[in-house]
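Structure file run16.cif (mmCIF, C-alpha atoms and all ligand atoms) follows.
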data_target
#
loop_
_atom_site.label_atom_id
_atom_site.label_comp_id
_atom_site.auth_asym_id
_atom_site.auth_seq_id
_atom_site.Cartn_x
_atom_site.Cartn_y
_atom_site.Cartn_z
CA MET B 1 78.13 56.43 78.77
CA VAL B 2 76.37 59.40 77.24
CA ALA B 3 75.77 59.78 73.52
CA VAL B 4 77.38 63.23 73.38
CA ALA B 5 80.75 62.92 75.12
CA GLY B 6 83.35 65.63 75.61
CA PHE B 7 80.92 68.49 76.11
CA GLU B 8 81.06 70.69 79.17
CA VAL B 9 78.99 73.56 80.46
CA SER B 10 79.63 76.61 78.27
CA PRO B 11 82.80 78.28 79.72
CA ASN B 12 81.16 81.66 80.32
CA LEU B 13 78.39 80.01 82.38
CA ALA B 14 81.00 78.00 84.29
CA LEU B 15 82.93 81.21 85.05
CA ASN B 16 79.73 82.82 86.35
CA GLN B 17 79.42 80.02 88.86
CA LEU B 18 83.05 80.41 89.99
CA VAL B 19 82.55 84.16 90.51
CA ASP B 20 79.41 83.51 92.56
CA GLU B 21 81.34 81.08 94.76
CA ARG B 22 84.19 83.57 95.36
CA ARG B 23 81.76 86.35 96.17
CA ALA B 24 79.86 84.09 98.55
CA ALA B 25 83.21 83.49 100.29
CA GLY B 26 83.52 87.27 100.78
CA GLU B 27 86.03 88.03 98.02
CA ARG B 28 85.80 91.20 95.93
CA VAL B 29 85.46 90.22 92.28
CA VAL B 30 85.20 92.56 89.29
CA HIS B 31 83.35 90.26 86.92
CA LEU B 32 84.16 90.97 83.27
CA GLY B 33 83.55 87.42 82.13
CA PHE B 34 79.94 87.28 81.02
CA GLY B 35 78.43 88.71 77.84
CA GLU B 36 75.26 90.15 79.28
CA ALA B 37 73.98 93.67 78.62
CA ARG B 38 73.24 94.20 82.35
CA LEU B 39 70.48 96.79 81.95
CA PRO B 40 66.94 96.87 83.31
CA VAL B 41 63.89 95.96 81.23
CA PHE B 42 62.51 98.95 79.28
CA ALA B 43 59.07 99.48 80.86
CA PRO B 44 56.92 99.27 77.68
CA LEU B 45 58.39 95.82 77.00
CA ALA B 46 57.10 94.57 80.36
CA GLU B 47 53.67 95.98 79.47
CA ARG B 48 53.68 94.08 76.16
CA LEU B 49 54.73 90.92 77.98
CA ALA B 50 51.76 91.22 80.34
CA ALA B 51 49.44 92.02 77.44
CA GLY B 52 50.67 88.89 75.64
CA ALA B 53 49.78 86.56 78.48
CA HIS B 54 46.59 85.54 76.67
CA ARG B 55 48.62 84.15 73.74
CA ASN B 56 48.53 80.59 75.04
CA ALA B 57 48.02 78.66 71.79
CA TYR B 58 51.02 76.97 70.17
CA GLY B 59 50.55 78.98 66.96
CA PRO B 60 52.67 78.60 63.83
CA VAL B 61 56.17 77.12 64.30
CA ALA B 62 57.87 80.02 62.46
CA GLY B 63 55.97 82.57 64.56
CA GLY B 64 52.70 84.47 64.11
CA LEU B 65 52.21 86.73 61.10
CA ASP B 66 52.23 89.89 63.26
CA VAL B 67 55.70 89.19 64.64
CA ARG B 68 57.10 88.02 61.29
CA GLU B 69 55.76 91.20 59.66
CA ALA B 70 57.45 93.28 62.36
CA VAL B 71 60.76 91.47 61.82
CA ALA B 72 60.40 91.90 58.03
CA GLY B 73 59.89 95.65 58.62
CA TYR B 74 62.96 95.76 60.88
CA PHE B 75 65.13 94.32 58.10
CA GLY B 76 63.43 96.46 55.46
CA ARG B 77 64.53 99.58 57.34
CA ARG B 78 68.09 98.24 57.11
CA ARG B 79 68.24 98.01 53.30
CA LEU B 80 67.10 94.38 53.36
CA PRO B 81 63.60 94.21 51.84
CA THR B 82 62.03 91.14 53.44
CA ASP B 83 58.83 89.15 53.04
CA PRO B 84 57.38 87.80 56.32
CA GLY B 85 57.72 84.34 54.73
CA GLN B 86 61.50 84.69 54.95
CA VAL B 87 61.38 85.11 58.74
CA VAL B 88 61.49 82.56 61.56
CA VAL B 89 61.40 83.62 65.22
CA ALA B 90 62.57 81.38 68.06
CA PRO B 91 63.43 81.31 71.77
CA GLY B 92 66.78 83.07 71.25
CA SER B 93 69.11 83.14 68.28
CA LYS B 94 71.17 80.29 69.79
CA PRO B 95 68.65 77.58 68.80
CA LEU B 96 68.33 79.15 65.35
CA LEU B 97 72.11 79.02 64.93
CA MET B 98 72.07 75.37 66.06
CA ALA B 99 69.26 74.53 63.63
CA LEU B 100 71.23 76.20 60.83
CA GLN B 101 74.26 74.06 61.67
CA LEU B 102 72.03 70.99 61.38
CA ALA B 103 70.36 72.15 58.17
CA VAL B 104 73.31 73.47 56.13
CA PRO B 105 75.57 70.67 54.86
CA GLY B 106 79.37 70.77 55.03
CA ASP B 107 82.14 71.89 57.35
CA VAL B 108 81.96 75.21 59.19
CA LEU B 109 84.46 78.05 58.87
CA LEU B 110 84.70 80.34 61.87
CA PRO B 111 86.68 83.46 62.66
CA ARG B 112 89.34 82.79 65.26
CA PRO B 113 88.69 83.92 68.00
CA ALA B 114 84.90 83.67 67.90
CA TRP B 115 81.94 83.52 70.25
CA ASN B 116 82.41 80.33 72.28
CA THR B 117 79.19 78.63 71.15
CA TYR B 118 79.69 78.30 67.37
CA ALA B 119 82.30 75.51 67.51
CA PRO B 120 80.50 73.31 70.08
CA GLN B 121 77.28 73.69 68.09
CA ALA B 122 79.12 72.56 64.95
CA ARG B 123 80.41 69.51 66.82
CA LEU B 124 76.93 68.75 68.19
CA ALA B 125 75.73 68.81 64.59
CA GLY B 126 78.44 66.28 63.70
CA LYS B 127 80.43 68.79 61.68
CA ARG B 128 84.03 69.84 61.62
CA ALA B 129 84.75 73.45 62.55
CA HIS B 130 87.80 75.26 61.15
CA GLY B 131 89.01 78.39 62.91
CA VAL B 132 90.42 81.00 60.53
CA PRO B 133 92.56 83.84 61.92
CA ILE B 134 90.97 87.30 61.89
CA PRO B 135 92.60 90.25 60.12
CA PRO B 136 94.58 92.87 62.08
CA GLU B 137 91.91 95.56 61.82
CA CYS B 138 88.88 93.74 63.24
CA GLY B 139 87.31 90.48 64.36
CA GLY B 140 84.08 88.77 63.38
CA VAL B 141 85.30 87.80 59.91
CA PRO B 142 88.10 85.52 58.74
CA ALA B 143 91.09 87.22 57.08
CA PRO B 144 90.41 86.76 53.32
CA ASP B 145 93.71 85.10 52.39
CA ALA B 146 93.51 82.77 55.38
CA LEU B 147 89.92 81.91 54.44
CA ARG B 148 90.93 80.95 50.89
CA GLU B 149 93.80 78.89 52.27
CA THR B 150 91.61 77.11 54.85
CA VAL B 151 88.98 76.25 52.23
CA ARG B 152 91.71 74.83 49.99
CA ALA B 153 93.30 72.83 52.83
CA CYS B 154 89.89 71.59 53.96
CA ARG B 155 89.10 70.27 50.46
CA GLU B 156 92.55 68.70 50.14
CA GLY B 157 91.98 66.93 53.42
CA GLY B 158 88.75 65.41 52.08
CA GLY B 159 86.45 67.90 53.79
CA THR B 160 83.57 69.81 52.26
CA PRO B 161 83.50 73.44 53.41
CA GLY B 162 79.85 74.45 53.45
CA VAL B 163 79.27 77.54 55.57
CA VAL B 164 81.13 80.53 56.96
CA VAL B 165 79.89 82.30 60.09
CA LEU B 166 80.40 86.06 60.47
CA THR B 167 79.69 88.16 63.57
CA LEU B 168 78.84 91.80 62.85
CA PRO B 169 79.64 93.58 65.16
CA ASP B 170 81.84 91.03 66.79
CA ASN B 171 81.89 89.15 70.02
CA PRO B 172 84.64 88.86 71.41
CA THR B 173 86.58 91.80 69.90
CA GLY B 174 83.84 94.46 70.00
CA THR B 175 84.83 95.56 66.50
CA LEU B 176 82.93 95.80 63.21
CA ALA B 177 84.25 94.55 59.88
CA PRO B 178 84.31 97.44 57.39
CA PRO B 179 82.21 97.17 54.20
CA GLU B 180 85.17 96.42 51.89
CA LEU B 181 86.14 93.43 54.02
CA VAL B 182 82.54 92.15 54.08
CA ARG B 183 82.50 92.41 50.26
CA GLU B 184 85.76 90.49 49.98
CA VAL B 185 84.58 87.66 52.24
CA CYS B 186 81.25 87.50 50.35
CA ALA B 187 83.14 87.22 47.05
CA ILE B 188 85.10 84.25 48.44
CA ALA B 189 81.90 82.65 49.72
CA ARG B 190 80.37 82.98 46.26
CA ALA B 191 83.45 81.66 44.47
CA GLU B 192 83.65 78.68 46.84
CA ASP B 193 79.87 78.17 47.05
CA LEU B 194 79.70 78.63 50.82
CA MET B 195 76.56 79.61 52.66
CA ILE B 196 76.99 82.62 54.95
CA VAL B 197 75.48 82.86 58.43
CA SER B 198 75.67 86.51 59.46
CA ASP B 199 75.15 86.81 63.21
CA GLU B 200 73.98 90.42 63.60
CA ILE B 201 72.75 90.25 67.17
CA TYR B 202 74.92 93.30 68.06
CA ARG B 203 73.88 95.39 65.06
CA ASP B 204 71.84 97.79 67.18
CA VAL B 205 74.66 98.11 69.68
CA LEU B 206 76.92 100.13 67.39
CA HIS B 207 78.47 102.85 69.54
CA ASP B 208 78.40 105.47 66.79
CA PRO B 209 75.28 105.33 64.62
CA ALA B 210 77.31 106.84 61.75
CA THR B 211 79.60 103.77 61.54
CA PRO B 212 78.99 102.20 58.10
CA PHE B 213 77.37 98.78 58.44
CA LEU B 214 77.17 96.44 55.46
CA SER B 215 75.31 93.16 55.87
CA PRO B 216 76.49 90.21 53.76
CA ALA B 217 72.80 89.79 52.92
CA GLU B 218 73.10 93.00 50.84
CA VAL B 219 76.14 91.67 48.97
CA ALA B 220 75.37 87.96 48.62
CA PRO B 221 71.58 87.83 49.22
CA GLU B 222 71.16 84.40 47.63
CA ARG B 223 73.38 82.67 50.21
CA THR B 224 73.14 84.70 53.43
CA VAL B 225 71.03 83.91 56.49
CA VAL B 226 70.96 86.74 59.04
CA THR B 227 70.29 86.03 62.71
CA THR B 228 69.44 88.60 65.33
CA GLY B 229 67.63 88.88 68.66
CA LEU B 230 66.67 91.07 71.58
CA SER B 231 69.14 89.68 74.15
CA LYS B 232 71.86 92.28 73.59
CA SER B 233 70.32 95.49 72.27
CA LEU B 234 67.44 95.38 74.78
CA ALA B 235 69.17 93.35 77.50
CA LEU B 236 66.51 90.62 77.28
CA GLY B 237 68.74 87.55 77.34
CA GLY B 238 66.50 85.81 79.84
CA TRP B 239 63.38 86.38 77.76
CA ARG B 240 64.82 84.40 74.85
CA VAL B 241 63.74 86.17 71.65
CA GLY B 242 65.63 85.53 68.41
CA ALA B 243 64.91 85.82 64.70
CA ALA B 244 66.37 84.65 61.41
CA ARG B 245 66.00 86.10 57.92
CA PHE B 246 66.40 83.55 55.13
CA PRO B 247 67.37 84.32 51.53
CA ASP B 248 64.60 85.02 49.07
CA GLY B 249 64.14 82.30 46.42
CA GLU B 250 64.21 78.54 46.24
CA ARG B 251 67.43 77.89 48.13
CA GLY B 252 66.38 80.17 50.97
CA ALA B 253 62.91 78.62 51.16
CA ALA B 254 64.35 75.10 51.34
CA LEU B 255 66.66 76.11 54.15
CA ARG B 256 63.86 77.90 55.98
CA ASP B 257 61.68 74.80 55.68
CA ALA B 258 64.47 72.65 57.11
CA VAL B 259 64.92 75.00 60.08
CA VAL B 260 61.15 75.06 60.65
CA SER B 261 61.12 71.23 60.64
CA ILE B 262 63.89 71.15 63.24
CA ALA B 263 62.08 73.80 65.29
CA SER B 264 58.87 71.79 65.18
CA GLU B 265 60.67 68.86 66.81
CA VAL B 266 62.72 70.85 69.33
CA TRP B 267 61.12 74.09 70.54
CA SER B 268 57.74 74.16 68.69
CA THR B 269 57.54 77.96 68.57
CA LEU B 270 58.52 81.18 70.34
CA ALA B 271 56.47 81.54 73.54
CA GLY B 272 53.24 83.45 72.81
CA PRO B 273 53.82 86.35 75.23
CA MET B 274 57.32 86.79 73.78
CA GLN B 275 55.79 87.05 70.30
CA GLU B 276 53.80 90.01 71.61
CA VAL B 277 57.05 91.54 72.91
CA ALA B 278 58.89 90.80 69.64
CA ALA B 279 56.12 92.36 67.50
CA TYR B 280 56.49 95.58 69.53
CA ALA B 281 60.31 95.57 69.69
CA PHE B 282 60.96 94.79 66.03
CA GLY B 283 58.33 97.42 65.15
CA GLU B 284 60.76 99.99 66.66
CA PRO B 285 58.42 102.78 67.76
CA PRO B 286 60.14 106.13 68.50
CA GLU B 287 60.40 105.64 72.28
CA LEU B 288 62.12 102.28 71.75
CA ARG B 289 64.58 103.78 69.26
CA GLU B 290 65.45 106.44 71.79
CA HIS B 291 66.03 103.77 74.44
CA LEU B 292 68.23 101.73 72.05
CA ALA B 293 70.31 104.82 71.31
CA ALA B 294 70.80 105.51 75.04
CA CYS B 295 71.90 101.90 75.63
CA ALA B 296 74.38 102.03 72.74
CA ARG B 297 75.83 105.32 74.06
CA LEU B 298 76.39 103.76 77.50
CA HIS B 299 77.95 100.60 76.03
CA GLY B 300 80.30 102.78 73.97
CA ALA B 301 81.33 105.07 76.83
CA VAL B 302 82.26 102.23 79.20
CA ALA B 303 83.91 100.05 76.53
CA ARG B 304 86.06 103.04 75.48
CA ALA B 305 87.06 103.68 79.11
CA VAL B 306 88.20 100.07 79.60
CA HIS B 307 89.97 100.13 76.23
CA ARG B 308 91.89 103.24 77.37
CA ILE B 309 92.88 101.48 80.60
CA VAL B 310 94.29 98.35 78.95
CA VAL B 311 96.12 100.34 76.27
CA ASP B 312 97.62 102.66 78.91
CA ALA B 313 98.70 99.53 80.81
CA GLY B 314 100.72 98.47 77.74
CA ALA B 315 98.38 96.04 75.98
CA GLU B 316 97.51 96.09 72.30
CA CYS B 317 93.79 96.29 71.72
CA ARG B 318 91.54 97.06 68.74
CA ALA B 319 89.32 100.06 69.49
CA PRO B 320 85.76 98.92 70.26
CA ALA B 321 83.04 100.03 67.82
CA GLY B 322 80.08 97.91 68.90
CA ALA B 323 78.76 95.45 71.50
CA PHE B 324 80.24 95.64 75.02
CA TYR B 325 83.58 93.90 74.83
CA VAL B 326 87.26 94.59 74.54
CA TYR B 327 89.82 91.95 73.62
CA PRO B 328 93.29 93.05 74.75
CA ASP B 329 96.55 91.34 73.89
CA PHE B 330 99.20 91.59 76.64
CA GLU B 331 102.00 90.29 74.40
CA PRO B 332 104.03 93.53 74.89
CA LEU B 333 104.12 92.66 78.62
CA ARG B 334 105.18 89.05 78.14
CA ALA B 335 108.53 89.48 79.93
CA PRO B 336 107.22 91.09 83.14
CA LEU B 337 104.26 88.70 83.17
CA ALA B 338 106.56 85.69 82.80
CA GLY B 339 108.27 86.87 85.98
CA ARG B 340 104.94 86.45 87.72
CA GLY B 341 104.29 82.98 86.38
CA VAL B 342 102.05 84.03 83.46
CA HIS B 343 102.89 82.31 80.17
CA ASP B 344 99.60 81.76 78.35
CA SER B 345 95.95 82.78 78.32
CA ASP B 346 94.93 80.32 81.04
CA SER B 347 97.65 81.41 83.48
CA LEU B 348 96.87 85.07 82.69
CA ARG B 349 93.19 84.48 83.50
CA ARG B 350 94.08 82.71 86.74
CA PHE B 351 96.59 85.41 87.75
CA LEU B 352 94.08 88.23 87.18
CA LEU B 353 91.49 86.45 89.30
CA ASP B 354 93.81 85.41 92.14
CA GLU B 355 95.88 88.60 92.28
CA PHE B 356 93.25 91.30 91.60
CA GLY B 357 89.86 89.57 91.70
CA ILE B 358 89.29 90.39 88.02
CA ALA B 359 87.36 87.68 86.17
CA VAL B 360 87.79 87.51 82.38
CA LEU B 361 87.17 84.93 79.68
CA ALA B 362 90.54 83.54 78.51
CA GLY B 363 91.24 83.64 74.78
CA HIS B 364 91.73 79.88 74.39
CA LEU B 365 88.09 79.39 75.42
CA LEU B 366 87.19 81.40 72.32
CA ASP B 367 89.29 79.12 70.14
CA ASP B 368 92.19 81.60 70.14
CA ASP B 369 95.83 80.49 70.37
CA GLY B 370 96.25 79.37 73.99
CA LYS B 371 99.86 80.60 74.06
CA ALA B 372 98.76 84.17 73.41
CA LEU B 373 98.11 86.56 76.32
CA ARG B 374 94.60 87.53 75.27
CA PHE B 375 91.19 87.59 76.94
CA LYS B 376 87.72 88.97 76.54
CA ALA B 377 86.44 91.56 79.00
CA ALA B 378 82.69 92.21 78.99
CA THR B 379 82.52 95.88 79.94
CA SER B 380 78.74 95.92 80.47
CA MET B 381 79.29 94.11 83.75
CA LEU B 382 80.45 97.45 85.19
CA TYR B 383 77.06 99.22 85.02
CA GLY B 384 76.15 98.21 88.55
CA ALA B 385 74.85 95.34 90.62
CA THR B 386 71.39 96.78 91.25
CA ARG B 387 68.63 97.98 89.02
CA GLU B 388 68.99 101.49 90.51
CA GLU B 389 72.68 101.67 89.61
CA GLN B 390 71.99 100.42 86.11
CA GLU B 391 69.17 102.98 85.60
CA LEU B 392 71.53 105.70 86.79
CA ALA B 393 74.19 104.58 84.32
CA LEU B 394 71.71 104.58 81.47
CA ALA B 395 70.40 108.07 82.28
CA SER B 396 73.82 109.63 82.87
CA ALA B 397 75.49 111.93 80.34
CA ASP B 398 78.86 110.83 81.77
CA PRO B 399 78.40 107.30 83.11
CA VAL B 400 82.09 106.62 83.72
CA ALA B 401 82.09 109.45 86.28
CA LEU B 402 79.36 107.81 88.39
CA PRO B 403 80.93 106.71 91.69
CA HIS B 404 80.01 103.02 91.38
CA ILE B 405 81.44 102.78 87.84
CA ALA B 406 84.42 105.07 88.52
CA ALA B 407 85.44 102.91 91.50
CA GLU B 408 85.53 99.73 89.39
CA LEU B 409 87.40 101.52 86.59
CA ALA B 410 89.95 102.83 89.12
CA TRP B 411 90.47 99.27 90.37
CA LEU B 412 91.03 98.06 86.80
CA ARG B 413 93.44 100.95 86.11
CA GLU B 414 95.44 100.24 89.24
CA SER B 415 95.52 96.46 88.67
CA PHE B 416 96.38 96.45 84.96
CA GLY B 417 98.74 99.39 85.51
CA SER B 418 100.80 97.30 87.93
CA LEU B 419 101.49 94.53 85.37
CA ALA B 420 104.40 96.29 83.68
C1 LIG B 501 77.65 86.56 68.99
C2 LIG B 501 76.45 86.02 69.69
N1 LIG B 501 75.52 85.39 68.97
C3 LIG B 501 74.43 84.85 69.55
C4 LIG B 501 74.24 84.93 70.91
C5 LIG B 501 73.02 84.22 71.48
O1 LIG B 501 72.10 85.06 71.91
P1 LIG B 501 70.58 84.59 72.20
O2 LIG B 501 70.48 83.12 72.09
O3 LIG B 501 70.30 85.11 73.54
O4 LIG B 501 69.79 85.27 71.10
C6 LIG B 501 75.18 85.57 71.71
C7 LIG B 501 75.01 85.62 73.17
O5 LIG B 501 75.95 85.65 73.93
C8 LIG B 501 76.31 86.14 71.08
O6 LIG B 501 77.26 86.79 71.77
#

Please rewrite the model in this file as structure tokens.
Amino acid sequence: MVAVAGFEVSPNLALNQLVDERRAAGERVVHLGFGEARLPVFAPLAERLAAGAHRNAYGPVAGGLDVREAVAGYFGRRRLPTDPGQVVVAPGSKPLLMALQLAVPGDVLLPRPAWNTYAPQARLAGKRAHGVPIPPECGGVPAPDALRETVRACREGGGTPGVVVLTLPDNPTGTLAPPELVREVCAIARAEDLMIVSDEIYRDVLHDPATPFLSPAEVAPERTVVTTGLSKSLALGGWRVGAARFPDGERGAALRDAVVSIASEVWSTLAGPMQEVAAYAFGEPPELREHLAACARLHGAVARAVHRIVVDAGAECRAPAGAFYVYPDFEPLRAPLAGRGVHDSDSLRRFLLDEFGIAVLAGHLLDDDGKALRFKAATSMLYGATREEQELALASADPVALPHIAAELAWLRESFGSLA
């Protein structure tokens, strides 16, 4: 017997393993099932990492003052004036999100579908998670009426709704909630006394820098914790750098202290060399901003190309605005798909892999309705298998025309196009 039963390896990591096995057996697989930015390390970051090798002391649990000042500056440039005391850095935003689940009392309200880690983290923390359907226009936030209704039902059932998690921009839909919707959800959170965790790890991966972005921390500063990190915008998932910004004031300080206590017993602090990297990255010097803009342009170009392909194939799909995902719904093709043995998101996933070698993350693994014909496709997986191909994609004015990307897109167009 283990103390934590019923938990499996995260489904996206499990899918990775399956794809590796199929490739090792000689099969062609177009892998769209893993949310990784798939870009090389920006050279100055590697220099900072080497320069930080001398930082071998444990240091403060929340992170050194230099890195917390840099993170405070990062938020300050985004209309969120921040004192370094409000900041905690950690090895990735995942452990910060877990610590928040442990520290904030009450049940958790999640958009449905949502990133596949929020619900298991809630369960690990001994909480109940309630999925709330997303509105038609975007993901990452619960539809307001459904949120009110879920809070009411949760209370009636003896639960205590305590926190709502928002993802801006969103994984899995690749969309961004517009400001008026953020305001509406914040108003509900205030009326119902919910804390807000705003996961903004894709904020710097907005495809069009002119897209209006409103953080809940601007609207409901007293109750919003913002998390972010370098895994997505700078493709540094394996370096594990995350940060959280806590509310100013007593409530925020108490929550920060609780997270720092948890951190002190679990991960101690962000690795010293990574603090050197984080101080540079969150400081956002001009060359880094330029690099971020180039990455966001690439993510946008390829996500739009895949969106075009699935829509042309007959799927419904929200237009991507950020991150590197599309989340198509093949409901309009239910009849022809049924003729091929596809009736739900799991059989759709299996069919795409067996028939075309296309690996996607099925919607039910993201807490979506399993009967729906939806999946997440991570479009960043198309940038190339080698560092050279990825560099080429990043430098190209027209990345979707590069032969190695065009060939994969043509395969997707042909495969999805044959479904009708
Ligand atoms: C929405 C979202 N939040 C958080 C994370 C965790 O990122 P990290 O722990 O690398 O900061 C991910 C990574 O997949 C994500 O997609």

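Atom CA of Ala46 of chain B to atom CA of Asn171 of chain B spans 27.4 Å [interatomic distance, one decimal].
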
Neighbours of ligand LIG 501 (chain B) at 9 Å or closer, counting only C-alpha atoms and all ligand atoms: which residues, as a PDB file with C-alpha atoms, in the frame of the given file?
ATOM      1  CA  PHE B  34      79.940  87.280  81.020  1.00  0.00           C
ATOM      2  CA  GLY B  35      78.430  88.710  77.840  1.00  0.00           C
ATOM      3  CA  GLU B  36      75.260  90.150  79.280  1.00  0.00           C
ATOM      4  CA  ALA B  90      62.570  81.380  68.060  1.00  0.00           C
ATOM      5  CA  PRO B  91      63.430  81.310  71.770  1.00  0.00           C
ATOM      6  CA  GLY B  92      66.780  83.070  71.250  1.00  0.00           C
ATOM      7  CA  SER B  93      69.110  83.140  68.280  1.00  0.00           C
ATOM      8  CA  LYS B  94      71.170  80.290  69.790  1.00  0.00           C
ATOM      9  CA  PRO B  95      68.650  77.580  68.800  1.00  0.00           C
ATOM     10  CA  LEU B  96      68.330  79.150  65.350  1.00  0.00           C
ATOM     11  CA  LEU B  97      72.110  79.020  64.930  1.00  0.00           C
ATOM     12  CA  ALA B 114      84.900  83.670  67.900  1.00  0.00           C
ATOM     13  CA  TRP B 115      81.940  83.520  70.250  1.00  0.00           C
ATOM     14  CA  ASN B 116      82.410  80.330  72.280  1.00  0.00           C
ATOM     15  CA  THR B 117      79.190  78.630  71.150  1.00  0.00           C
ATOM     16  CA  TYR B 118      79.690  78.300  67.370  1.00  0.00           C
ATOM     17  CA  GLY B 140      84.080  88.770  63.380  1.00  0.00           C
ATOM     18  CA  LEU B 166      80.400  86.060  60.470  1.00  0.00           C
ATOM     19  CA  THR B 167      79.690  88.160  63.570  1.00  0.00           C
ATOM     20  CA  LEU B 168      78.840  91.800  62.850  1.00  0.00           C
ATOM     21  CA  PRO B 169      79.640  93.580  65.160  1.00  0.00           C
ATOM     22  CA  ASP B 170      81.840  91.030  66.790  1.00  0.00           C
ATOM     23  CA  ASN B 171      81.890  89.150  70.020  1.00  0.00           C
ATOM     24  CA  PRO B 172      84.640  88.860  71.410  1.00  0.00           C
ATOM     25  CA  ASP B 199      75.150  86.810  63.210  1.00  0.00           C
ATOM     26  CA  GLU B 200      73.980  90.420  63.600  1.00  0.00           C
ATOM     27  CA  ILE B 201      72.750  90.250  67.170  1.00  0.00           C
ATOM     28  CA  TYR B 202      74.920  93.300  68.060  1.00  0.00           C
ATOM     29  CA  THR B 227      70.290  86.030  62.710  1.00  0.00           C
ATOM     30  CA  THR B 228      69.440  88.600  65.330  1.00  0.00           C
ATOM     31  CA  GLY B 229      67.630  88.880  68.660  1.00  0.00           C
ATOM     32  CA  LEU B 230      66.670  91.070  71.580  1.00  0.00           C
ATOM     33  CA  SER B 231      69.140  89.680  74.150  1.00  0.00           C
ATOM     34  CA  LYS B 232      71.860  92.280  73.590  1.00  0.00           C
ATOM     35  CA  LEU B 236      66.510  90.620  77.280  1.00  0.00           C
ATOM     36  CA  GLY B 237      68.740  87.550  77.340  1.00  0.00           C
ATOM     37  CA  GLY B 238      66.500  85.810  79.840  1.00  0.00           C
ATOM     38  CA  TRP B 239      63.380  86.380  77.760  1.00  0.00           C
ATOM     39  CA  ARG B 240      64.820  84.400  74.850  1.00  0.00           C
ATOM     40  CA  VAL B 241      63.740  86.170  71.650  1.00  0.00           C
ATOM     41  CA  GLY B 242      65.630  85.530  68.410  1.00  0.00           C
ATOM     42  CA  ALA B 243      64.910  85.820  64.700  1.00  0.00           C
ATOM     43  CA  ALA B 323      78.760  95.450  71.500  1.00  0.00           C
TER      44      ALA B 323
END

Might you pull out every residue within 9 Å of Gln121 of chain B, with all atoms listed in the file counted and same-chain residues fewer than 4 positions away left off, and present them as a list in words?
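Contacts, in chain order: Leu97, Met98, Gln101, Leu102, Thr117, Ala125, Gly126 and Lys127 of chain B.
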
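You can rank B:Ile196, B:Ala281, B:Ala315, B:Leu147 by their closest distance to Arg245 of chain B using only C-alpha atoms, and at the top of that list sits B:Ile196.
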
Proximity to Ala406 of chain B - best of B:Ala420, B:Val302, B:Val164, B:Leu361, all atoms listed in the file
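The closest residue to Ala406 of chain B is B:Val302.
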
Suppose you want the space between atom CA of Asn16 of chain B and atom CA of Arg38 of chain B; what is it in Å?
13.7 Å

As an exercise, work out the distance from atom CA of Tyr58 of chain B to atom CA of Ser261 of chain B in Å and give it to one decimal place.
15.0 Å

Between B:Asp107, B:Asp248, B:Asp145, B:Glu47, which is the closest to Pro84 of chain B once you count all atoms listed in the file?
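Among the listed residues, the smallest separation from Pro84 of chain B belongs to B:Asp248.
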
Looking at B:Ala321, B:Ser233, B:Ala271, B:Ile358, which one is nearest to Pro178 of chain B, with distances taken over all atoms listed in the file?
B:Ala321

Measuring atom to atom with all atoms listed in the file, identify which of B:Asp354, B:Glu391, B:Asp257, B:Glu222 is nearest to Arg190 of chain B.
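Of B:Asp354, B:Glu391, B:Asp257, B:Glu222, the one nearest Arg190 of chain B, counting all atoms listed in the file, is B:Glu222.
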
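When the distance limit is 6 Å and all atoms listed in the file are what count, the residues near Phe246 of chain B, minus those fewer than 6 positions from it on the same chain, are Gln86, Val225 and Gly252 of chain B.
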
Need to verify the contact set: Pro113 of chain B, 7 Å, all atoms listed in the file, exclusion of same-chain residues closer than 4 positions in sequence. Can you return it as a list in words?
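Surrounding residues, per the criterion: Leu366, Asp367 and Asp368 of chain B.
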
File of the preceding selection, C-alpha atoms, as an mmCIF file, in the frame of the given file:
data_model
loop_
_atom_site.group_PDB
_atom_site.id
_atom_site.type_symbol
_atom_site.label_atom_id
_atom_site.label_comp_id
_atom_site.auth_asym_id
_atom_site.auth_seq_id
_atom_site.Cartn_x
_atom_site.Cartn_y
_atom_site.Cartn_z
ATOM 1 C CA LEU B 366 87.190 81.400 72.320
ATOM 2 C CA ASP B 367 89.290 79.120 70.140
ATOM 3 C CA ASP B 368 92.190 81.600 70.140
#

Excluding Val400 of chain B and residues on its chain fewer than 2 positions from it, collect all residues at most 9 Å away from it, counting only C-alpha atoms, and give them as a ChimeraX atom specification.
/B:298,301-302,305,393,396,398,402-406,409

Could you dump the residues just selected with C-alpha atoms as a PDB file, in the coordinates of the input?
ATOM      1  CA  LEU B 298      76.390 103.760  77.500  1.00  0.00           C
ATOM      2  CA  ALA B 301      81.330 105.070  76.830  1.00  0.00           C
ATOM      3  CA  VAL B 302      82.260 102.230  79.200  1.00  0.00           C
ATOM      4  CA  ALA B 305      87.060 103.680  79.110  1.00  0.00           C
ATOM      5  CA  ALA B 393      74.190 104.580  84.320  1.00  0.00           C
ATOM      6  CA  SER B 396      73.820 109.630  82.870  1.00  0.00           C
ATOM      7  CA  ASP B 398      78.860 110.830  81.770  1.00  0.00           C
ATOM      8  CA  LEU B 402      79.360 107.810  88.390  1.00  0.00           C
ATOM      9  CA  PRO B 403      80.930 106.710  91.690  1.00  0.00           C
ATOM     10  CA  HIS B 404      80.010 103.020  91.380  1.00  0.00           C
ATOM     11  CA  ILE B 405      81.440 102.780  87.840  1.00  0.00           C
ATOM     12  CA  ALA B 406      84.420 105.070  88.520  1.00  0.00           C
ATOM     13  CA  LEU B 409      87.400 101.520  86.590  1.00  0.00           C
TER      14      LEU B 409
END
